[in-house]
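Novice: What follows is a single structure, and I will ask about it in a moment.
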Amino acid sequence: MGFTTRQIHAGVTPDPQTGSILTPIYQTTTYVQPSVDEYLSKGYSYSRSGNPTVRALELKLNDLEGGVDCVCFGTGMAAVQGVMLAFLSAGDHAIISDVAYGGTYRLCTKVLSRFGVEFTFADTAKPDEVTAAVRDNTRLILTETPANPTMKCSDIAAISAIAQKASAVHAVDNTFLTPYYQRPLELGADVSIHSTTKYMDGHNATVGGAVISKTTEQSEAVRFIQNSTGSIMSPQVAWLTLQGCKTLSIRMDHQSANAMAVAEYLEAHPKVEQVRYPGLKSFPQHELARRQASGFGAMAWFEVKGGLDAGKRLMDNIELWSLAENLGSVESLITHPVTMTHADVEKAERDRVGIIDGLIRLSVGLEDVEDLIAALDQALEQV
Ligand SMILES: Cc1ncc(COP(=O)(O)O)c(C=O)c1O
């Protein structure tokens with residue numbers, strides 16, 4: 001069946017007791033067992049170890065990504081952490097995209113490095129640099145593509161081949177494109193990670209995460225960490241995300257078309273210094289973006305002439321676009337990564353990887369594109 005049919009129906013069956021078409025929110029701590037000998041006969045024991053509403057979402061996301069199983073987490077960061085704890089131990093080494101969500105960088109440099117794990121932040125857009133970074137103790141390569149916030153793309157198949165040769169797990173943060181546009185497991189990766197907070201939910205209503213694995217062994221390793229650390233998704237969040245997923249492809253197509261129109265408008269504007277959107281022919285990795293994904297997504301960034309000061313004036317004055325963290329929602333958001341999402345990345349590192357001070361990130365929403373462009377136009381006039 002096609003993606004849009006599966007995003008609606010996968011994982012969900014009418015409630016056997018009532019016929020409710022939506023999976024109920026199973027708000028319970030524990031599950032009564034019929035007898036000691038029949039312990040777990042209905043599949044559930046305690047809500048840290050499993051919940052039917054969360055399970056419905058896991059089955060749906062696994063179907064969409066094409067894995068063997070999915071484990072949902074309380075946040076996207078808990079999902080990233082789950083992968084790192086599942087596949088790394090003291091003395092191990094991991095290679096991480098040098099451009100990635102600031103929280104991923106913080107987790108590596110400020111938390112896991114305290115436990116004897118070594119990290120190299122490599123330019124995963126250059127497979128040779130990844131090969132050069134591999135050591136005997138490399139156990140994990142984490143690629144974020146397109147990367148937050150510069151949109152740098154990495155070749156998933158090429159890095160999967162490097163990881164396989166090194167006997168390392170290749171995890172891809174697929175948050176920006178979702179399985180509708182990009183399926184890392186089909187391209188050779190082992191694990192696909194999501195902040196479901198973003199496009200899966202799509203309505204700025206929740207925070208959540210998910211990890212979809214290629215093998216049962218990998219998925220069980222991730223599940224073990226989730227249960228041991230208690231970093232679970234709540235049934236309410238799972239329920240809202242289940243509803244959000246049903247319109248994923250429709251939202252992605254519409255928001256991506258909006259993003260293309262916004263990017264083209266900005267590229268032609270005399271007050272704009274540069275624009276980056278994978279769908280633009282001017283995007284440095286346009287061909288790679290086209291080859292490994294079936295759409296370009298709805299994230300973009302630009303810099304106005306006059307740099308940071310001019311950019312701040314624009315972000316402070318713009319109408320309709322909300323100045324906020326988060327991305328992927330139906331509401332269009334404008335973000336200044338240097339002070340917001342990537343504030344924990346040191347300035348020298350930001351400068352090294354191209355997260356420039358004047359970078360203005362756009363999460364293009366579902367509004368009428370004429371209104372989005374009119375709001376940008378008005379704000380640019382004031383710059
Ligand atoms: C690409 C990416 N991965 C992971 C995360 C972390 O997700 P969460 O905020 O749900 O913890 C984010 C958050 O912005 C993100 O953009």
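Residue names in the structure tokens use chain letters A, B, ... in the order shown, residue numbers from 1 in each chain, and ligand numbers from 1 in the order shown.
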Could you name the residues that touch A:Phe115 at 8 Å or less, counting only C-alpha atoms, but leaving out those on the same chain fewer than 3 positions away, as an MDAnalysis selection string?
Specialist: chainID A and resid 90 111:112
Novice: Skip A:Phe176 itself and residues of its chain fewer than 5 positions away, then list as a PyMOL selection string all residues within 12 Å of it, counting only C-alpha atoms.
Specialist: chain A and resi 100-101+144-153+181-183+192-200+202+252+256+278+293+295-300+326-329+363-364
Novice: Rank nothing, just name the residue among A:Ile8, A:Leu320, A:Ala158, A:Leu85 nearest to A:Ala221, using only C-alpha atoms.
Specialist: A:Leu85
Novice: What's around A:Thr30 at 9 Å? Count only C-alpha atoms, leave out sequence neighbours fewer than 6 positions away in its own chain, and write the answer as a PyMOL selection string.
Specialist: chain A and resi 44-47
Novice: May I have the residues from that selection written out with C-alpha atoms, as a PDB file, in the first residue's frame?
Specialist:
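What ended up in out31.pdb:
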ATOM      1  CA  TYR A  44       1.833  -5.628  29.061  1.00  0.00           C
ATOM      2  CA  SER A  45       3.091  -5.501  32.661  1.00  0.00           C
ATOM      3  CA  TYR A  46       3.895  -1.906  33.678  1.00  0.00           C
ATOM      4  CA  SER A  47       3.743   1.330  31.685  1.00  0.00           C
TER       5      SER A  47
END
Novice: Sorted by chain and rising residue number, list the residues of stretch 84-129 of chain A at most 12 Å from stretch 353-362 of chain A (counting only C-alpha atoms), each with its closest atom pair and distance in Å to one decimal, as CSV.
Specialist:
residue,atom,partner,partner_atom,distance
A:Ser97,CA,A:Val353,CA,10.1
A:Asp98,CA,A:Val353,CA,6.7
A:Val99,CA,A:Val353,CA,6.4
A:Ala100,CA,A:Val353,CA,10.0
A:Tyr101,CA,A:Ile355,CA,11.2
A:Gly102,CA,A:Ile355,CA,10.8
A:Phe121,CA,A:Val353,CA,9.9
A:Ala122,CA,A:Val353,CA,9.7
A:Asp123,CA,A:Val353,CA,8.3
A:Thr124,CA,A:Val353,CA,11.4
A:Ala125,CA,A:Val353,CA,11.4
Novice: Produce a file of the selected residues containing N, CA and C atoms, as a PDB file, in the first residue's frame.
Specialist:
ATOM      1  N   SER A  97      28.142  14.040  12.845  1.00  0.00           N
ATOM      2  CA  SER A  97      28.125  15.150  11.868  1.00  0.00           C
ATOM      3  C   SER A  97      28.540  16.440  12.569  1.00  0.00           C
ATOM      4  N   ASP A  98      29.441  17.184  11.932  1.00  0.00           N
ATOM      5  CA  ASP A  98      29.910  18.413  12.603  1.00  0.00           C
ATOM      6  C   ASP A  98      28.831  19.494  12.613  1.00  0.00           C
ATOM      7  N   VAL A  99      27.838  19.373  11.753  1.00  0.00           N
ATOM      8  CA  VAL A  99      26.658  20.220  11.885  1.00  0.00           C
ATOM      9  C   VAL A  99      25.509  19.305  12.279  1.00  0.00           C
ATOM     10  N   ALA A 100      24.953  19.568  13.450  1.00  0.00           N
ATOM     11  CA  ALA A 100      23.825  18.770  13.945  1.00  0.00           C
ATOM     12  C   ALA A 100      23.080  19.636  14.952  1.00  0.00           C
ATOM     13  N   TYR A 101      21.918  19.188  15.351  1.00  0.00           N
ATOM     14  CA  TYR A 101      21.160  19.924  16.361  1.00  0.00           C
ATOM     15  C   TYR A 101      22.059  20.192  17.579  1.00  0.00           C
ATOM     16  N   GLY A 102      21.992  21.399  18.139  1.00  0.00           N
ATOM     17  CA  GLY A 102      22.867  21.794  19.246  1.00  0.00           C
ATOM     18  C   GLY A 102      22.766  20.864  20.444  1.00  0.00           C
ATOM     19  N   PHE A 121      33.851  15.225  15.632  1.00  0.00           N
ATOM     20  CA  PHE A 121      32.829  15.918  14.846  1.00  0.00           C
ATOM     21  C   PHE A 121      33.398  16.122  13.448  1.00  0.00           C
ATOM     22  N   ALA A 122      32.940  15.284  12.534  1.00  0.00           N
ATOM     23  CA  ALA A 122      33.527  15.266  11.189  1.00  0.00           C
ATOM     24  C   ALA A 122      32.553  15.851  10.176  1.00  0.00           C
ATOM     25  N   ASP A 123      33.111  16.309   9.082  1.00  0.00           N
ATOM     26  CA  ASP A 123      32.267  16.802   7.990  1.00  0.00           C
ATOM     27  C   ASP A 123      31.732  15.581   7.239  1.00  0.00           C
ATOM     28  N   THR A 124      30.545  15.127   7.639  1.00  0.00           N
ATOM     29  CA  THR A 124      30.000  13.902   7.039  1.00  0.00           C
ATOM     30  C   THR A 124      29.543  14.123   5.598  1.00  0.00           C
ATOM     31  N   ALA A 125      29.578  15.376   5.148  1.00  0.00           N
ATOM     32  CA  ALA A 125      29.313  15.636   3.725  1.00  0.00           C
ATOM     33  C   ALA A 125      30.497  15.194   2.877  1.00  0.00           C
TER      34      ALA A 125
END
Novice: In stretch 44-282 of chain A, what's strand (DSSP E or B) per DSSP? Answer as a ChimeraX atom specification?
Specialist: /A:46,69-73,93-97,118-122,138-144,169-173,191-195,209-213,272-276
Novice: Go ahead and write the selection's residues with N, CA and C atoms as a short mmCIF file (atom, residue, chain, number, x, y, z; two decimals), in the first residue's frame.
Specialist:
data_model
loop_
_atom_site.label_atom_id
_atom_site.label_comp_id
_atom_site.auth_asym_id
_atom_site.auth_seq_id
_atom_site.Cartn_x
_atom_site.Cartn_y
_atom_site.Cartn_z
N TYR A 46 3.69 -3.15 32.93
CA TYR A 46 3.89 -1.91 33.68
C TYR A 46 4.20 -0.83 32.64
N ASP A 69 11.59 -2.80 13.99
CA ASP A 69 10.81 -2.32 15.12
C ASP A 69 11.18 -0.88 15.45
N CYS A 70 10.29 -0.23 16.19
CA CYS A 70 10.50 1.16 16.59
C CYS A 70 10.36 1.26 18.10
N VAL A 71 11.17 2.13 18.70
CA VAL A 71 11.06 2.41 20.13
C VAL A 71 10.81 3.90 20.27
N CYS A 72 9.71 4.27 20.93
CA CYS A 72 9.42 5.70 21.11
C CYS A 72 9.98 6.21 22.43
N PHE A 73 10.38 7.47 22.44
CA PHE A 73 11.02 8.08 23.61
C PHE A 73 10.28 9.36 24.00
N HIS A 93 34.56 5.03 20.54
CA HIS A 93 34.67 6.29 19.79
C HIS A 93 33.48 6.41 18.84
N ALA A 94 32.97 7.62 18.70
CA ALA A 94 31.85 7.85 17.77
C ALA A 94 32.18 9.03 16.87
N ILE A 95 31.69 8.94 15.64
CA ILE A 95 31.85 10.05 14.68
C ILE A 95 30.47 10.68 14.51
N ILE A 96 30.41 12.00 14.68
CA ILE A 96 29.13 12.72 14.64
C ILE A 96 29.23 13.81 13.58
N SER A 97 28.14 14.04 12.84
CA SER A 97 28.13 15.15 11.87
C SER A 97 28.54 16.44 12.57
N GLU A 118 34.69 8.82 23.38
CA GLU A 118 35.36 9.88 22.60
C GLU A 118 34.55 10.20 21.35
N PHE A 119 34.54 11.47 21.00
CA PHE A 119 33.76 11.90 19.83
C PHE A 119 34.64 12.67 18.85
N THR A 120 34.40 12.44 17.56
CA THR A 120 34.99 13.27 16.51
C THR A 120 33.83 13.90 15.76
N PHE A 121 33.85 15.22 15.63
CA PHE A 121 32.83 15.92 14.85
C PHE A 121 33.40 16.12 13.45
N ALA A 122 32.94 15.28 12.53
CA ALA A 122 33.53 15.27 11.19
C ALA A 122 32.55 15.85 10.18
N THR A 138 35.93 2.74 16.83
CA THR A 138 34.73 3.45 16.37
C THR A 138 33.56 2.48 16.33
N ARG A 139 32.52 2.80 17.08
CA ARG A 139 31.36 1.90 17.16
C ARG A 139 30.09 2.52 16.59
N LEU A 140 30.10 3.85 16.42
CA LEU A 140 28.87 4.52 15.97
C LEU A 140 29.23 5.70 15.08
N ILE A 141 28.49 5.83 13.99
CA ILE A 141 28.55 7.06 13.18
C ILE A 141 27.14 7.63 13.17
N LEU A 142 27.01 8.88 13.60
CA LEU A 142 25.68 9.52 13.61
C LEU A 142 25.68 10.66 12.60
N THR A 143 24.83 10.49 11.59
CA THR A 143 24.75 11.48 10.52
C THR A 143 23.41 12.20 10.62
N GLU A 144 23.46 13.52 10.62
CA GLU A 144 22.21 14.28 10.56
C GLU A 144 22.13 14.90 9.17
N VAL A 169 27.81 0.99 13.91
CA VAL A 169 26.40 1.24 13.61
C VAL A 169 26.28 2.61 12.95
N HIS A 170 25.51 2.69 11.87
CA HIS A 170 25.27 3.99 11.24
C HIS A 170 23.85 4.44 11.58
N ALA A 171 23.76 5.49 12.38
CA ALA A 171 22.46 6.06 12.76
C ALA A 171 22.26 7.37 12.00
N VAL A 172 21.07 7.57 11.47
CA VAL A 172 20.77 8.80 10.73
C VAL A 172 19.64 9.54 11.43
N ASP A 173 19.87 10.80 11.76
CA ASP A 173 18.79 11.63 12.27
C ASP A 173 17.98 12.11 11.07
N VAL A 191 20.01 2.53 11.67
CA VAL A 191 19.05 3.09 12.61
C VAL A 191 18.60 4.46 12.11
N SER A 192 17.30 4.72 12.24
CA SER A 192 16.79 6.04 11.88
C SER A 192 16.20 6.69 13.14
N ILE A 193 16.59 7.94 13.37
CA ILE A 193 16.17 8.64 14.60
C ILE A 193 15.24 9.79 14.23
N HIS A 194 14.24 10.02 15.08
CA HIS A 194 13.35 11.17 14.89
C HIS A 194 13.13 11.94 16.17
N SER A 195 13.09 13.24 16.03
CA SER A 195 12.37 14.04 17.01
C SER A 195 10.95 14.09 16.45
N GLY A 209 10.19 11.37 20.71
CA GLY A 209 11.26 10.86 19.85
C GLY A 209 11.01 9.42 19.46
N ALA A 210 11.75 8.95 18.46
CA ALA A 210 11.58 7.57 18.01
C ALA A 210 12.88 7.07 17.39
N VAL A 211 13.13 5.77 17.56
CA VAL A 211 14.28 5.11 16.95
C VAL A 211 13.77 3.88 16.22
N ILE A 212 14.05 3.78 14.94
CA ILE A 212 13.64 2.63 14.13
C ILE A 212 14.91 1.90 13.72
N SER A 213 14.94 0.60 13.95
CA SER A 213 16.17 -0.17 13.69
C SER A 213 15.98 -1.19 12.58
N VAL A 272 18.84 40.46 0.40
CA VAL A 272 19.24 39.14 0.93
C VAL A 272 20.64 38.79 0.42
N GLU A 273 21.51 38.45 1.36
CA GLU A 273 22.90 38.12 1.03
C GLU A 273 23.00 36.70 0.46
N GLN A 274 22.38 35.74 1.14
CA GLN A 274 22.42 34.35 0.66
C GLN A 274 21.23 33.57 1.21
N VAL A 275 20.85 32.55 0.46
CA VAL A 275 19.75 31.66 0.84
C VAL A 275 20.21 30.23 0.63
N ARG A 276 19.84 29.35 1.55
CA ARG A 276 20.14 27.92 1.36
C ARG A 276 18.86 27.12 1.52
#
Novice: Rank nothing, just name the residue among A:Ala374, A:Ile250, A:Met233, A:Ile159 nearest to ligand 1, using only C-alpha atoms and all ligand atoms.
Specialist: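 Ranking A:Ala374, A:Ile250, A:Met233, A:Ile159 by distance to ligand 1, first place goes to A:Met233.
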Novice: Provide the atom CA of A:Glu65 to atom CA of A:Leu242 distance in Å, to one decimal place.
Specialist: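 Between these atoms lies a distance of 14.8 Å.
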